>>> print(open('my_file_1.pdb').read())   # PDB, C-alpha atoms
ATOM      1  CA  GLY A 320      18.356  -2.852  57.333
ATOM      2  CA  ALA A 321      16.594  -5.894  58.693
ATOM      3  CA  VAL A 322      18.437  -7.667  61.477
ATOM      4  CA  VAL A 323      18.316 -11.313  62.425
ATOM      5  CA  SER A 324      19.818 -12.246  65.764
ATOM      6  CA  GLN A 325      20.894 -15.679  66.888
ATOM      7  CA  HIS A 326      21.521 -16.770  70.442
ATOM      8  CA  PRO A 327      23.772 -18.154  71.661
ATOM      9  CA  SER A 328      26.557 -17.282  69.248
ATOM     10  CA  TRP A 329      28.517 -20.227  70.554
ATOM     11  CA  VAL A 330      27.797 -23.075  72.921
ATOM     12  CA  ILE A 331      29.719 -26.043  74.270
ATOM     13  CA  CYS A 332      27.792 -28.962  75.692
ATOM     14  CA  LYS A 333      28.308 -32.519  76.838
ATOM     15  CA  SER A 334      27.301 -35.450  74.685
ATOM     16  CA  GLY A 335      23.719 -36.515  75.342
ATOM     17  CA  THR A 336      22.415 -33.120  76.351
ATOM     18  CA  SER A 337      20.008 -30.953  74.358
ATOM     19  CA  VAL A 338      20.804 -27.483  73.116
ATOM     20  CA  LYS A 339      18.375 -24.778  72.006
ATOM     21  CA  ILE A 340      19.337 -22.094  69.510
ATOM     22  CA  GLU A 341      17.132 -19.047  69.032
ATOM     23  CA  CYS A 342      16.637 -17.041  65.867
ATOM     24  CA  ARG A 343      14.920 -13.673  66.175
ATOM     25  CA  SER A 344      13.950 -11.109  63.586
ATOM     26  CA  LEU A 345      14.527  -7.872  65.477
ATOM     27  CA  ASP A 346      12.786  -5.237  63.411
ATOM     28  CA  PHE A 347      10.502  -7.144  61.092
ATOM     29  CA  GLN A 348       8.051 -10.010  61.083
ATOM     30  CA  ALA A 349       9.068 -13.269  59.484
ATOM     31  CA  THR A 350       6.448 -15.820  58.528
ATOM     32  CA  THR A 351       9.144 -18.121  57.260
ATOM     33  CA  MET A 352      12.595 -18.847  58.615
ATOM     34  CA  PHE A 353      15.172 -21.279  57.331
ATOM     35  CA  TRP A 354      17.753 -23.256  59.273
ATOM     36  CA  TYR A 355      21.120 -24.218  57.804
ATOM     37  CA  ARG A 356      24.123 -26.095  59.107
ATOM     38  CA  GLN A 357      27.652 -25.605  57.911
ATOM     39  CA  PHE A 358      30.613 -27.864  58.559
ATOM     40  CA  PRO A 359      34.152 -26.428  58.357
ATOM     41  CA  LYS A 360      35.239 -25.547  54.829
ATOM     42  CA  GLN A 361      31.886 -26.591  53.407
ATOM     43  CA  SER A 362      28.807 -24.889  52.104
ATOM     44  CA  LEU A 363      25.580 -24.136  53.906
ATOM     45  CA  MET A 364      23.207 -27.068  53.846
ATOM     46  CA  LEU A 365      19.518 -26.342  54.250
ATOM     47  CA  MET A 366      18.050 -28.343  57.115
ATOM     48  CA  ALA A 367      14.470 -27.171  57.304
ATOM     49  CA  THR A 368      11.922 -24.488  56.565
ATOM     50  CA  SER A 369      10.208 -23.108  59.630
ATOM     51  CA  ASN A 370       6.726 -21.650  59.203
ATOM     52  CA  GLU A 371       5.034 -19.634  61.918
ATOM     53  CA  GLY A 372       2.216 -21.560  63.509
ATOM     54  CA  SER A 373       2.777 -24.807  61.650
ATOM     55  CA  LYS A 374       5.145 -27.750  61.533
ATOM     56  CA  ALA A 375       8.539 -27.313  59.979
ATOM     57  CA  THR A 376       9.369 -28.872  56.637
ATOM     58  CA  TYR A 377      12.580 -30.864  56.812
ATOM     59  CA  GLU A 378      14.984 -31.547  53.979
ATOM     60  CA  GLN A 379      15.710 -35.097  52.965
ATOM     61  CA  GLY A 380      18.080 -36.794  55.357
ATOM     62  CA  VAL A 381      17.496 -34.406  58.273
ATOM     63  CA  GLU A 382      16.021 -36.142  61.320
ATOM     64  CA  LYS A 383      13.041 -34.175  62.567
ATOM     65  CA  ASP A 384      13.129 -35.853  65.974
ATOM     66  CA  LYS A 385      16.782 -34.931  66.324
ATOM     67  CA  PHE A 386      16.439 -31.309  65.251
ATOM     68  CA  LEU A 387      13.266 -29.890  66.753
ATOM     69  CA  ILE A 388      12.061 -26.641  65.256
ATOM     70  CA  ASN A 389       9.467 -24.377  66.793
ATOM     71  CA  HIS A 390       8.222 -21.158  65.209
ATOM     72  CA  ALA A 391       5.741 -19.923  67.749
ATOM     73  CA  SER A 392       5.717 -16.248  66.811
ATOM     74  CA  LEU A 393       6.405 -14.044  63.809
ATOM     75  CA  THR A 394       9.750 -13.017  65.262
ATOM     76  CA  LEU A 395      11.136 -16.180  66.825
ATOM     77  CA  SER A 396      12.131 -19.627  65.637
ATOM     78  CA  THR A 397      14.060 -22.088  67.751
ATOM     79  CA  LEU A 398      16.163 -25.096  66.811
ATOM     80  CA  THR A 399      16.739 -27.696  69.503
ATOM     81  CA  VAL A 400      19.436 -30.272  68.935
ATOM     82  CA  THR A 401      18.318 -33.194  71.063
ATOM     83  CA  SER A 402      20.699 -35.692  72.596
ATOM     84  CA  ALA A 403      23.620 -33.970  70.939
ATOM     85  CA  HIS A 404      26.675 -35.954  69.897
ATOM     86  CA  PRO A 405      30.089 -34.815  68.671
ATOM     87  CA  GLU A 406      29.033 -35.277  65.032
ATOM     88  CA  ASP A 407      26.368 -32.608  65.597
ATOM     89  CA  SER A 408      29.123 -30.060  66.203
ATOM     90  CA  SER A 409      28.636 -27.483  63.484
ATOM     91  CA  PHE A 410      27.824 -23.888  62.662
ATOM     92  CA  TYR A 411      24.049 -23.404  62.626
ATOM     93  CA  ILE A 412      22.705 -20.423  60.702
ATOM     94  CA  CYS A 413      19.159 -19.157  60.437
ATOM     95  CA  SER A 414      17.624 -16.825  57.903
ATOM     96  CA  ALA A 415      14.324 -14.996  57.766
ATOM     97  CA  ARG A 416      12.006 -13.933  55.028
ATOM     98  CA  LEU A 417      10.075 -10.706  55.396
ATOM     99  CA  THR A 418       6.344 -11.333  55.831
ATOM    100  CA  GLY A 419       4.359 -10.211  52.843
ATOM    101  CA  THR A 420       6.938 -11.120  50.242
ATOM    102  CA  SER A 421       6.105 -13.735  47.659
ATOM    103  CA  GLY A 422       7.624 -15.516  44.718
ATOM    104  CA  SER A 423      11.301 -16.286  44.672
ATOM    105  CA  THR A 424      12.876 -12.825  44.521
ATOM    106  CA  GLY A 425      13.616 -10.683  47.512
ATOM    107  CA  GLU A 426      16.216 -10.639  50.217
ATOM    108  CA  LEU A 427      16.655 -13.295  52.825
ATOM    109  CA  PHE A 428      18.181 -11.979  56.035
ATOM    110  CA  PHE A 429      20.760 -14.142  57.756
ATOM    111  CA  GLY A 430      21.768 -14.405  61.370
ATOM    112  CA  GLU A 431      25.393 -14.424  62.454
ATOM    113  CA  GLY A 432      25.335 -18.129  63.208
ATOM    114  CA  SER A 433      25.645 -20.268  66.323
ATOM    115  CA  ARG A 434      28.647 -22.516  66.755
ATOM    116  CA  LEU A 435      27.849 -25.721  68.581
ATOM    117  CA  THR A 436      30.613 -27.887  69.995
ATOM    118  CA  VAL A 437      29.610 -31.188  71.549
ATOM    119  CA  LEU A 438      32.214 -32.817  73.767
TER     120      LEU A 438
ATOM    121  CA  GLY B1183      22.457 -33.769  50.620
ATOM    122  CA  GLU B1184      22.740 -31.120  47.983
ATOM    123  CA  ASN B1185      25.800 -29.001  47.445
ATOM    124  CA  VAL B1186      27.985 -30.476  50.100
ATOM    125  CA  GLY B1187      31.528 -29.739  49.059
ATOM    126  CA  LEU B1188      34.517 -31.555  50.474
ATOM    127  CA  HIS B1189      36.856 -28.572  50.336
ATOM    128  CA  LEU B1190      36.443 -25.075  49.078
ATOM    129  CA  PRO B1191      38.339 -24.141  45.904
ATOM    130  CA  THR B1192      40.567 -21.125  46.351
ATOM    131  CA  LEU B1193      41.210 -18.093  44.189
ATOM    132  CA  SER B1194      44.200 -15.915  44.977
ATOM    133  CA  VAL B1195      44.450 -12.457  43.382
ATOM    134  CA  GLN B1196      46.626  -9.414  43.725
ATOM    135  CA  GLU B1197      45.121  -6.322  45.276
ATOM    136  CA  GLY B1198      43.786  -4.082  42.547
ATOM    137  CA  ASP B1199      43.230  -6.877  40.060
ATOM    138  CA  ASN B1200      39.827  -8.070  38.961
ATOM    139  CA  SER B1201      38.460 -11.336  40.383
ATOM    140  CA  ILE B1202      36.163 -13.774  38.662
ATOM    141  CA  ILE B1203      34.451 -16.419  40.744
ATOM    142  CA  ASN B1204      32.519 -19.133  38.974
ATOM    143  CA  CYS B1205      29.633 -21.318  40.005
ATOM    144  CA  ALA B1206      27.698 -24.135  38.415
ATOM    145  CA  TYR B1207      24.144 -24.382  39.644
ATOM    146  CA  SER B1208      22.116 -27.521  39.743
ATOM    147  CA  ASN B1209      18.513 -26.878  38.798
ATOM    148  CA  SER B1210      17.573 -25.727  35.303
ATOM    149  CA  ALA B1211      14.210 -24.602  36.692
ATOM    150  CA  SER B1212      15.798 -22.112  39.118
ATOM    151  CA  ASP B1213      14.564 -18.611  38.458
ATOM    152  CA  TYR B1214      16.533 -16.446  40.844
ATOM    153  CA  PHE B1215      20.188 -16.434  41.806
ATOM    154  CA  ILE B1216      22.132 -14.701  44.526
ATOM    155  CA  TRP B1217      25.780 -14.242  45.411
ATOM    156  CA  TYR B1218      26.725 -14.171  49.083
ATOM    157  CA  LYS B1219      29.935 -13.287  50.873
ATOM    158  CA  GLN B1220      30.785 -15.059  54.109
ATOM    159  CA  GLU B1221      33.541 -13.954  56.429
ATOM    160  CA  SER B1222      34.994 -16.322  58.973
ATOM    161  CA  GLY B1223      32.591 -17.110  61.802
ATOM    162  CA  LYS B1224      29.780 -14.994  60.389
ATOM    163  CA  GLY B1225      26.560 -15.464  58.471
ATOM    164  CA  PRO B1226      26.324 -14.868  54.714
ATOM    165  CA  GLN B1227      25.983 -11.317  53.419
ATOM    166  CA  PHE B1228      23.998 -10.498  50.296
ATOM    167  CA  ILE B1229      26.133  -9.126  47.444
ATOM    168  CA  ILE B1230      24.072  -9.126  44.284
ATOM    169  CA  ASP B1231      21.209 -11.000  42.686
ATOM    170  CA  ILE B1232      19.912 -11.754  39.212
ATOM    171  CA  ARG B1233      16.685 -13.106  37.818
ATOM    172  CA  SER B1234      16.665 -15.850  35.249
ATOM    173  CA  ASN B1235      15.297 -13.521  32.551
ATOM    174  CA  MET B1236      18.521 -11.519  32.666
ATOM    175  CA  ASP B1237      22.056 -12.445  31.700
ATOM    176  CA  LYS B1238      23.971  -9.640  33.365
ATOM    177  CA  ARG B1239      23.545  -7.331  36.302
ATOM    178  CA  GLN B1240      25.926  -4.762  37.690
ATOM    179  CA  GLY B1241      26.359  -3.380  41.144
ATOM    180  CA  GLN B1242      29.022  -1.311  42.790
ATOM    181  CA  ARG B1243      32.311  -2.997  41.810
ATOM    182  CA  VAL B1244      30.499  -6.285  41.225
ATOM    183  CA  THR B1245      28.899  -7.839  38.166
ATOM    184  CA  VAL B1246      26.980 -11.088  37.948
ATOM    185  CA  LEU B1247      26.721 -13.011  34.683
ATOM    186  CA  LEU B1248      24.216 -15.783  34.106
ATOM    187  CA  ASN B1249      24.452 -18.409  31.378
ATOM    188  CA  LYS B1250      21.357 -20.565  31.572
ATOM    189  CA  THR B1251      22.414 -22.728  28.657
ATOM    190  CA  VAL B1252      25.224 -24.247  30.671
ATOM    191  CA  LYS B1253      23.800 -23.451  34.136
ATOM    192  CA  HIS B1254      26.677 -21.198  35.021
ATOM    193  CA  LEU B1255      26.981 -18.075  37.143
ATOM    194  CA  SER B1256      29.951 -15.847  37.623
ATOM    195  CA  LEU B1257      30.747 -13.010  39.980
ATOM    196  CA  GLN B1258      33.212 -10.396  38.845
ATOM    197  CA  ILE B1259      34.776  -8.100  41.419
ATOM    198  CA  ALA B1260      36.573  -5.068  40.040
ATOM    199  CA  ALA B1261      39.697  -3.678  41.698
ATOM    200  CA  THR B1262      39.751  -6.349  44.380
ATOM    201  CA  GLN B1263      40.612  -5.114  47.854
ATOM    202  CA  PRO B1264      41.914  -6.929  50.957
ATOM    203  CA  GLY B1265      38.470  -6.518  52.514
ATOM    204  CA  ASP B1266      37.065  -8.685  49.739
ATOM    205  CA  SER B1267      38.880 -11.721  51.154
ATOM    206  CA  ALA B1268      36.141 -14.143  52.174
ATOM    207  CA  VAL B1269      34.254 -17.188  50.970
ATOM    208  CA  TYR B1270      31.783 -16.531  48.173
ATOM    209  CA  PHE B1271      28.721 -18.665  47.556
ATOM    210  CA  CYS B1272      26.256 -18.662  44.734
ATOM    211  CA  ALA B1273      22.726 -19.673  45.641
ATOM    212  CA  GLU B1274      19.593 -20.513  43.694
ATOM    213  CA  ARG B1275      15.860 -20.461  44.196
ATOM    214  CA  THR B1276      13.254 -22.363  42.249
ATOM    215  CA  GLY B1277       9.878 -20.667  42.368
ATOM    216  CA  GLY B1278       9.917 -19.999  46.095
ATOM    217  CA  PHE B1279      12.090 -18.610  48.860
ATOM    218  CA  LYS B1280      13.953 -21.803  49.701
ATOM    219  CA  THR B1281      17.578 -20.970  48.957
ATOM    220  CA  ILE B1282      20.082 -23.658  48.019
ATOM    221  CA  PHE B1283      23.755 -22.819  48.268
ATOM    222  CA  GLY B1284      26.515 -23.840  45.891
ATOM    223  CA  ALA B1285      29.908 -25.153  46.907
ATOM    224  CA  GLY B1286      31.668 -21.846  47.514
ATOM    225  CA  THR B1287      35.034 -20.345  46.617
ATOM    226  CA  ARG B1288      37.560 -18.871  49.003
ATOM    227  CA  LEU B1289      39.038 -15.598  47.741
ATOM    228  CA  PHE B1290      42.451 -14.507  49.006
ATOM    229  CA  VAL B1291      43.559 -10.990  48.173
ATOM    230  CA  LYS B1292      47.296 -10.414  48.345
ATOM    231  CA  ALA B1293      48.377  -6.938  49.313
TER     232      ALA B1293
END
>>> encode(input="my_file_1.pdb", output="structure tokens")
Amino acid sequence: GAVVSQHPSWVICKSGTSVKIECRSLDFQATTMFWYRQFPKQSLMLMATSNEGSKATYEQGVEKDKFLINHASLTLSTLTVTSAHPEDSSFYICSARLTGTSGSTGELFFGEGSRLTVL
Amino acid sequence: GENVGLHLPTLSVQEGDNSIINCAYSNSASDYFIWYKQESGKGPQFIIDIRSNMDKRQGQRVTVLLNKTVKHLSLQIAATQPGDSAVYFCAERTGGFKTIFGAGTRLFVKA
């Protein structure tokens, strides 16, 4: 099956620093990737849609200057949390859509998540 | 934001019993629904899906029911096993691939 890999799986950083999380589709090409964040005991909240070669589309309430998304190739999207603060501590999960699929049906492949802790 | 729950509701069942997990979705225009299973510290895993033109779909040990009239989904797990213990989320799509998650239910299976 299709595999989506995230790196790092966990990271601890100091307040004010920036952290980059990578999302890679290992055995397929993904035109579109999605980034979610999940706080403890809560659901996944969609942050943004990442499209290869174009600017990401952010959900309402998500600061685009805070959460920088780059989707430079068909197999890699990155999320950079800039000037991280303790309230940014969360579980960040990416998912990828297989290139060539259309409409709303079809499987979305999820990464294993990256846990960010900001001290 | 959408679907941000404060705490996950919990369902506790005895091993071997059937489980029914319910979900209310938000958008009457949604045309595709998915159930995911999430184990602690991991990403969601696909369980089963259903299109809006169907009201029931069966998989191996799982059945999804869709009631569009009341915007309700349910996931039935037959002969629940300890390995089924996890958090279950319903999710919806509306004409595209953007997937919005529901609040989730934590399933505990007692041996």
>>> resolve_selection(input="my_file_1.pdb", expression="the ChimeraX specification (/A :<12) & /B", output="PyMOL selection string")
chain B and resi 1183-1192+1211-1234+1268-1288
>>> resolve_selection(input="my_file_1.pdb", expression="the PyMOL selection byres ((chain B and resi 1258) around 10)", output="PyMOL selection string")
chain B and resi 1200-1204+1240+1243-1247+1256-1257+1259-1262
>>> atom_distance(input="my_file_1.pdb", atom1="CA of Ser1210 (chain B)", atom2="CA of Leu1289 (chain B)")
26.8 Å
>>> residues_around(input="my_file_1.pdb", residues="Ser402 (chain A)", least_positions_apart="6", cutoff="7 Å", atoms="only C-alpha atoms", output="list in words")
Ser334, Gly335, Thr336 and Ser337 of chain A
>>> write_last_selection(input="my_file_1.pdb", atoms="C-alpha atoms", output="compact mmCIF listing (two decimals), keeping the file's coordinate frame")
# COMPACT_ATOMS: atom_id res chain seq x y z
CA SER A 334 27.30 -35.45 74.68
CA GLY A 335 23.72 -36.52 75.34
CA THR A 336 22.42 -33.12 76.35
CA SER A 337 20.01 -30.95 74.36
>>> atom_distance(input="my_file_1.pdb", atom1="CA of Gln325 (chain A)", atom2="CA of Gln1242 (chain B)")
29.2 Å
>>> residues_around(input="my_file_1.pdb", residues="Cys332 (chain A)", least_positions_apart="2", cutoff="10 Å", atoms="all atoms listed in the file", output="ChimeraX atom specification")
/A:330,334-338,403-405,408,435-438
>>> resolve_selection(input="my_file_1.pdb", expression="the PyMOL selection byres ((chain B and resi 1265) around 10)", output="ChimeraX atom specification")
/B:1197,1221,1262-1264,1266-1268,1290-1291
